[in-house]
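Chemist: The structure's right below; bear with me while I get my questions together.
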Amino acid sequence: MKCNLRSTYLATSLLLLLSLALSGCGGGSNQSPTLHVLIGYNTVYPKQQQAWMQQISDEFKKSTGATIAWDTFNGSSEEQTRIQTSIVSGTGPDVFSMGTTFVPTAQATKGFTTLTDQDWNQVGGKARFFQQQLTMSGKSPDQTIAVPFVMRPFAMAYNKDLFQKAGIQAPPQTWSEFVQDAQKMTNSASGVYGTEIDPSDSFDTWKIWWMFAKQMGGDFLSADYKTAKLNSPEAVQAVHFWFDWATTHKIVDPNSMSWKAANALQAFANGKVGMLMMVTSTIRPTLKKSAIANSYAFAPMPSVPYGMQQRPANGVAAETIVSGDSLAVASYSNQKDLAFKFINLVTDAQHQIQYSSTFGDLPTNTDAANTLASQDPQTAAFVQAEKGAVPTPFTGVWGPLEVALTGVSAKLAGEVATGHYDPSHIKPLLDQANQQIQAQLH
Amino acid sequence: MSIQPVESASSLTPAMKPERGKRRGGGDRPIWLMWPGILLFIVIIGIPLLIAVYISFLNLDQYSLRSWLQAPWVGLANYMAALSGGETVVGASALVSLGISLAFSLLTTLLITPIGILAALTVNTSYRGRAVVRALYLIPYVIPTFVTALIWRMMFLNGTGLVDRSLAAVHLANVNTYWLLGPNSFWAMVIADTWASWAFIYIMVLAGLQSISHDIYESAAIDGANSWQKLTRIVLPQLRHILGLALLLSTLNHFNNFTLPFVMFGTPPPVQADVLPLNIYVSSFQLFNFGLGGAMSVITLIIMLIPGFVYIRALRLGEVRAA
């Protein structure tokens, strides 16, 4: 009797575990197919994003009969973790939205579908998209994994009132002019500074340093991506110049060593900063509600290195980098056809215009971008900037490279904060970062 | 009906001893009822643990992530790297992080213990409004850690934060003192965590206090014991076991605290606040050095087992006490 009870108990337990496992493996076969989509959570427009999701779901259901199961991530850390766990486990979303500079790392994992010509035709054809954005779709034109979804070209935002007060007629074209203009606007007694620095931010550091290095003719990696050049003279000079804003030129808030991008934006919105570096049009909603709602404008970043009259022969303007979000289909997905239909839907001109009008990101659909540019001069300026966008090196170590440079920045910021900053420390730190990245290059 | 004392195992006659091998220490208790739990334990903890140990011997990165079983075997190289000293460009080495985590967890536990005991004593006896005070005490503990971290990040901002302004107002520090960078970042982390977690000790101690019989207090009062004597001769000895458990759990919790430094400082954090969980996260998920992250995780597990093992041995948990 006892033995029977034990057997029944064990069998029931095993059945329970099995049913739990099976229920976790997916939905029933008699339901409509479901496409799982992972996108970034929009903290500025959460309600509008919900409405957009619902609208897209309805239209997708109408045209394909399939439903969309949305999932969101909040921030790049969660984005990376979700991608990595999905790749390892072979389960997860069918479609991933990812930051453009993360595409190389995603492709290195070999976890995403390499797009064929037929796949591209299914999502509307390559001609539909901005050509600069396509440079970050894959490691070569015939090995692409990501379809451009939205783009965010970078520019400088400046405070027109502070410019006028300082007698500055036009935004600076060179970094020497930039420093002079910033010094004119700086009035530390009233807490106003010509520009800002956010050395504790995870993205601004490498973006700005890379731009400086490119303008001086350098780069962080060799052309074949086999040699790390994080400690090149141009890279050292780039870091040196940026921290000079705080230590030599005194054109930034001395309390900004722990700042991230949000702190810099807040200071600009409060009218305390003359020029805000490398921002996208997504800051407009914040500025619309700020004290400077009617007194700011955008301009291209200066493109001539500090102390020079013109760029070196091998220098690249690099006023903006190819940036935005792309959509990639997981290689384990068994809903690839639906995935391409979804991408086709959200990247057509009509939906791109609607998305851009709601959320501020620029469309990657060329027709949509040109339509919006013809209606708004600020959008036109960003679209124009995108035409000169430079892609970051397409290598799987770009993600770790960003982290390594952020580490260098955090260490130098700590030195400035505690009064121990010495420019001679830059090279050894970059040597360490270079060694670390070189070890990961394949 | 009277309760008969249980005979010790040694006093049983050979005929009464359980048949060796058949019950294997389970007596008549149906040990097989544990099988579902054991199966879940194997699936949820056992297998992932074995995988983590295996990964710690691999050179696993973004290129080999998808086919991780075929990643190159590197033996103890990740352990050697984890145990080598010094700083890396993205923070502290694993060894330094271990020291930071130990200092952080022990110091925080040391700080919250007297606070928690004192708080529990203030609401142990009945008075008007005690329920409100008890509820207020729980506020720091029930606030989600990431909210706590965000609030303290704002308060520790140099120049504009409440901490600097308050310290400057009483001439204790410069208004521009950095708390989120450099050596002060460690203290910022300790202060924030102390604020958030003292209520854990309070809850545990209060539970212990409530279990002490009033008769003992009354007897002590009749014998002329004062408040201090009651605290040191009655309360603390009675709380020994529960306080030991609270200190152990608190130390482990603080050691494993990831969210607080992650939200307060971001990644990579200042070296002084680069606790081991954060270091493991950055190594694994941001630098894609999963092997090193695995090795650091295994080292953490071993270190964490030590106090747990000592505690279990000290309290002889799980052992049958002889009558």
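Quick note on naming: the chains in the structure tokens go A, B, ... in the order shown, residues restart at 1 in each chain, and ligands are numbered from 1 in order of appearance.
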Write out, as CSV, each residue of chain A that has an atom at most 9 Å from chain B, together with the closest pair of atoms and their distance in Å to one decimal, counting only C-alpha atoms, rows going by chain and rising number.

Modeler:
residue,atom,partner,partner_atom,distance
A:Arg6,CA,B:Trp32,CA,7.3
A:Tyr9,CA,B:Leu33,CA,7.8
A:Leu10,CA,B:Trp35,CA,7.5
A:Ser13,CA,B:Pro36,CA,6.0
A:Leu14,CA,B:Pro36,CA,7.6
A:Leu17,CA,B:Pro36,CA,8.0
A:Ser77,CA,B:Gln286,CA,7.8
A:Gln80,CA,B:Phe285,CA,7.2
A:Thr81,CA,B:Phe285,CA,6.5
A:Gln84,CA,B:Leu65,CA,7.8
A:Ile87,CA,B:Arg66,CA,5.8
A:Val88,CA,B:Arg66,CA,5.2
A:Ser89,CA,B:Arg66,CA,8.3
A:Gly90,CA,B:Arg66,CA,8.3
A:Thr105,CA,B:Gln62,CA,7.0
A:Ala106,CA,B:Gln62,CA,8.1
A:Gln107,CA,B:Tyr63,CA,8.8
A:Ala108,CA,B:Tyr63,CA,5.2
A:Thr109,CA,B:Tyr63,CA,5.0
A:Lys110,CA,B:Arg66,CA,6.8
A:Gly111,CA,B:Arg66,CA,6.6
A:Ser200,CA,B:Gly266,CA,8.2
A:Asp201,CA,B:Gly266,CA,8.4
A:Ser202,CA,B:Thr267,CA,7.3
A:Pro254,CA,B:Asn176,CA,8.7
A:Asn255,CA,B:Asn158,CA,6.3
A:Ser256,CA,B:Asn158,CA,8.4
A:Met257,CA,B:Leu181,CA,7.9
A:Ser258,CA,B:Leu180,CA,6.4
A:Trp259,CA,B:Leu157,CA,8.8
A:Gly396,CA,B:Gln62,CA,7.4
A:Val397,CA,B:Gln62,CA,8.4
A:Gly399,CA,B:Gln286,CA,7.0
A:Pro400,CA,B:Leu287,CA,4.6
A:Leu401,CA,B:Leu287,CA,8.1
A:Val403,CA,B:Gln286,CA,6.9
A:Ala404,CA,B:Val90,CA,5.6
A:Leu405,CA,B:Val90,CA,8.0
A:Thr406,CA,B:Pro268,CA,7.0
A:Gly407,CA,B:Val90,CA,4.3
A:Val408,CA,B:Val89,CA,6.1
A:Ala410,CA,B:Pro270,CA,6.8
A:Lys411,CA,B:Pro270,CA,7.2
A:Ala413,CA,B:Leu181,CA,7.7
A:Gly414,CA,B:Gly182,CA,5.1
A:Glu415,CA,B:Gly182,CA,7.5
A:Ala417,CA,B:Tyr178,CA,6.5
A:Thr418,CA,B:Gly182,CA,6.8
A:Leu429,CA,B:Val89,CA,6.5
A:Leu430,CA,B:Val89,CA,8.2
A:Gln432,CA,B:Val89,CA,6.0
A:Ala433,CA,B:Val89,CA,5.9
A:Gln436,CA,B:Val89,CA,8.3
A:Gln440,CA,B:Asp61,CA,8.5
A:His442,CA,B:Tyr63,CA,8.9

Chemist: List the neighbours of A:Pro171 out to 10 Å using only C-alpha atoms; skip same-chain residues closer than 3 positions along the sequence, and give me the result as a ChimeraX atom specification.

Modeler: /A:156-158,160,163,168,174,177-178,181,275,297-302

Chemist: Can you pull out every residue from stretch 255-364 of chain A that DSSP, working from the backbone, puts in strand (DSSP E), and format the result as number ranges by chain?

Modeler: A: 273-279, 296-299, 324-329, 362-363

Chemist: Would you save the residues of that selection, restricted to N, CA and C atoms, as a JSON list (two decimals), in the first residue's frame?

Modeler:
[["chain", "number", "residue", "atom", "x", "y", "z"],
["A", 273, "VAL", "N", 24.31, 76.14, -19.46],
["A", 273, "VAL", "CA", 25.34, 75.64, -20.38],
["A", 273, "VAL", "C", 25.13, 76.27, -21.75],
["A", 274, "GLY", "N", 26.22, 76.77, -22.35],
["A", 274, "GLY", "CA", 26.11, 77.42, -23.65],
["A", 274, "GLY", "C", 25.98, 76.44, -24.80],
["A", 275, "MET", "N", 26.83, 75.39, -24.78],
["A", 275, "MET", "CA", 26.83, 74.43, -25.90],
["A", 275, "MET", "C", 26.80, 73.01, -25.35],
["A", 276, "LEU", "N", 25.84, 72.24, -25.83],
["A", 276, "LEU", "CA", 25.64, 70.85, -25.40],
["A", 276, "LEU", "C", 26.14, 69.95, -26.51],
["A", 277, "MET", "N", 27.07, 69.05, -26.12],
["A", 277, "MET", "CA", 27.79, 68.28, -27.13],
["A", 277, "MET", "C", 27.07, 67.01, -27.59],
["A", 278, "MET", "N", 27.19, 66.73, -28.88],
["A", 278, "MET", "CA", 26.78, 65.46, -29.50],
["A", 278, "MET", "C", 25.46, 64.93, -28.99],
["A", 279, "VAL", "N", 24.41, 65.68, -29.27],
["A", 279, "VAL", "CA", 23.07, 65.25, -28.86],
["A", 279, "VAL", "C", 22.23, 64.95, -30.10],
["A", 296, "TYR", "N", 16.91, 77.88, -28.05],
["A", 296, "TYR", "CA", 17.99, 76.94, -28.39],
["A", 296, "TYR", "C", 17.91, 76.58, -29.86],
["A", 297, "ALA", "N", 19.03, 76.12, -30.36],
["A", 297, "ALA", "CA", 19.08, 75.69, -31.77],
["A", 297, "ALA", "C", 20.15, 74.61, -31.90],
["A", 298, "PHE", "N", 20.13, 73.93, -33.03],
["A", 298, "PHE", "CA", 21.13, 72.89, -33.29],
["A", 298, "PHE", "C", 22.11, 73.36, -34.36],
["A", 299, "ALA", "N", 23.32, 72.85, -34.27],
["A", 299, "ALA", "CA", 24.34, 73.16, -35.28],
["A", 299, "ALA", "C", 25.27, 71.96, -35.40],
["A", 324, "GLY", "N", 21.54, 55.00, -34.24],
["A", 324, "GLY", "CA", 20.10, 54.78, -34.25],
["A", 324, "GLY", "C", 19.77, 53.39, -33.76],
["A", 325, "ASP", "N", 18.64, 52.86, -34.21],
["A", 325, "ASP", "CA", 18.25, 51.50, -33.84],
["A", 325, "ASP", "C", 18.03, 50.69, -35.10],
["A", 326, "SER", "N", 18.35, 49.40, -35.01],
["A", 326, "SER", "CA", 18.14, 48.48, -36.13],
["A", 326, "SER", "C", 17.32, 47.30, -35.65],
["A", 327, "LEU", "N", 16.76, 46.58, -36.62],
["A", 327, "LEU", "CA", 15.96, 45.40, -36.31],
["A", 327, "LEU", "C", 16.65, 44.17, -36.88],
["A", 328, "ALA", "N", 16.83, 43.16, -36.04],
["A", 328, "ALA", "CA", 17.49, 41.93, -36.50],
["A", 328, "ALA", "C", 16.62, 40.74, -36.11],
["A", 329, "VAL", "N", 16.69, 39.69, -36.92],
["A", 329, "VAL", "CA", 15.88, 38.49, -36.69],
["A", 329, "VAL", "C", 16.78, 37.39, -36.14],
["A", 362, "LEU", "N", 14.47, 60.09, -36.06],
["A", 362, "LEU", "CA", 14.34, 60.32, -37.49],
["A", 362, "LEU", "C", 14.10, 59.01, -38.22],
["A", 363, "PRO", "N", 13.33, 59.06, -39.32],
["A", 363, "PRO", "CA", 13.08, 57.83, -40.07],
["A", 363, "PRO", "C", 14.31, 57.40, -40.87]]

Chemist: Of the candidates A:Lys61, A:Arg152, A:His36, A:Lys229, which shows the shortest atom-to-atom distance to A:Glu386, using only C-alpha atoms?

Modeler: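 Once distances to A:Glu386 are computed over only C-alpha atoms, the minimum belongs to A:Arg152.
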
Chemist: Mind checking which residues fall within 10 Å of B:Leu69, counting only C-alpha atoms, ignoring those fewer than 3 positions away in the same chain, and posting them as a VMD selection string?

Modeler: chain B and resid 51 54 to 55 58 60 64 to 66 72 to 73

Chemist: Could you save the residues just selected, with N, CA and C atoms, as a short mmCIF file (atom, residue, chain, number, x, y, z; two decimals), in the first residue's frame?

Modeler:
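Saved to out_36.cif:
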data_model
loop_
_atom_site.label_atom_id
_atom_site.label_comp_id
_atom_site.auth_asym_id
_atom_site.auth_seq_id
_atom_site.Cartn_x
_atom_site.Cartn_y
_atom_site.Cartn_z
N ILE B 51 27.17 24.18 -14.87
CA ILE B 51 27.50 24.90 -16.11
C ILE B 51 28.43 26.08 -15.81
N TYR B 54 31.82 24.82 -15.26
CA TYR B 54 32.42 24.43 -16.55
C TYR B 54 32.87 25.66 -17.33
N ILE B 55 32.00 26.69 -17.36
CA ILE B 55 32.33 27.91 -18.10
C ILE B 55 33.60 28.57 -17.53
N LEU B 58 36.66 27.90 -19.41
CA LEU B 58 36.64 28.13 -20.85
C LEU B 58 37.07 29.55 -21.20
N LEU B 60 35.44 31.78 -23.07
CA LEU B 60 34.14 31.99 -23.70
C LEU B 60 33.91 33.49 -23.90
N SER B 64 32.26 32.92 -29.32
CA SER B 64 31.97 31.49 -29.08
C SER B 64 30.70 31.30 -28.24
N LEU B 65 30.00 32.40 -28.01
CA LEU B 65 28.85 32.36 -27.10
C LEU B 65 27.78 31.36 -27.54
N ARG B 66 27.50 31.36 -28.83
CA ARG B 66 26.40 30.54 -29.31
C ARG B 66 26.73 29.04 -29.20
N PRO B 72 37.14 27.17 -26.33
CA PRO B 72 38.44 26.60 -25.95
C PRO B 72 38.59 26.42 -24.43
N TRP B 73 39.15 25.27 -24.04
CA TRP B 73 39.40 24.96 -22.63
C TRP B 73 40.69 25.63 -22.21
#

Chemist: Using only C-alpha atoms, pick whichever of B:Pro237, B:Pro307, B:Gly129, B:Gly293 has the shortest atom-to-atom distance to B:Leu252.

Modeler: B:Pro307

Chemist: Would you give me, as a count of residues only, the residues in stretch 75-169 of chain A that DSSP reads as alpha helix (DSSP H)?

Modeler: 36

Chemist: Hey, which of A:Ala261, A:Val383, A:Val346, A:Leu287 ends up closest to A:Val322? Count only C-alpha atoms.

Modeler: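 Smallest separation from A:Val322 among the options: A:Val383.
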
Chemist: Quick one: residues within 9 Å of A:Val316, only C-alpha atoms counted, chain neighbours fewer than 4 positions away excluded, as number ranges by chain?

Modeler: A: 211, 213-218, 303, 311-312, 390

Chemist: For the selection you just gave me, I'd like the residues written to a file as a PDB file, in the first residue's frame, keeping C-alpha atoms.

Modeler:
ATOM      1  CA  MET A 211      35.157  62.114 -33.172  1.00  0.00           C
ATOM      2  CA  ALA A 213      40.541  61.200 -33.057  1.00  0.00           C
ATOM      3  CA  LYS A 214      38.915  60.865 -36.494  1.00  0.00           C
ATOM      4  CA  GLN A 215      39.202  64.609 -37.099  1.00  0.00           C
ATOM      5  CA  MET A 216      42.923  64.413 -36.305  1.00  0.00           C
ATOM      6  CA  GLY A 217      43.333  61.521 -38.743  1.00  0.00           C
ATOM      7  CA  GLY A 218      43.357  58.722 -36.186  1.00  0.00           C
ATOM      8  CA  SER A 303      35.248  69.654 -37.342  1.00  0.00           C
ATOM      9  CA  ARG A 311      41.893  69.296 -40.739  1.00  0.00           C
ATOM     10  CA  PRO A 312      44.944  67.182 -41.488  1.00  0.00           C
ATOM     11  CA  VAL A 390      30.649  58.149 -40.390  1.00  0.00           C
TER      12      VAL A 390
END

Chemist: Work out how far atom CA of A:Tyr193 is from atom CA of A:Ala317, in Å to one decimal.

Modeler: 25.6 Å

Chemist: Would you mind listing what lies within 10 Å of B:Val142 as a list of chain:residue names, with only C-alpha atoms counted and same-chain residues fewer than 3 positions away left out?

Modeler: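 Result of the neighbour search: B:Tyr137, B:Leu138, B:Ile139, B:Thr145, B:Thr148, B:Ala196, B:Ser197, B:Ala199.
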
Chemist: Residues as selected, C-alpha atoms, written as a PDB file, in the first residue's frame, can you do that?

Modeler:
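Heads up, here's the output in out03.pdb:
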ATOM      1  CA  TYR B 137      10.613  51.653  10.670  1.00  0.00           C
ATOM      2  CA  LEU B 138       9.838  49.368   7.755  1.00  0.00           C
ATOM      3  CA  ILE B 139       9.812  52.112   5.127  1.00  0.00           C
ATOM      4  CA  THR B 145      16.641  48.874  -3.923  1.00  0.00           C
ATOM      5  CA  THR B 148      16.850  53.732  -2.848  1.00  0.00           C
ATOM      6  CA  ALA B 196      18.195  50.760   3.447  1.00  0.00           C
ATOM      7  CA  SER B 197      18.904  47.604   5.410  1.00  0.00           C
ATOM      8  CA  ALA B 199      15.298  47.305   9.306  1.00  0.00           C
TER       9      ALA B 199
END
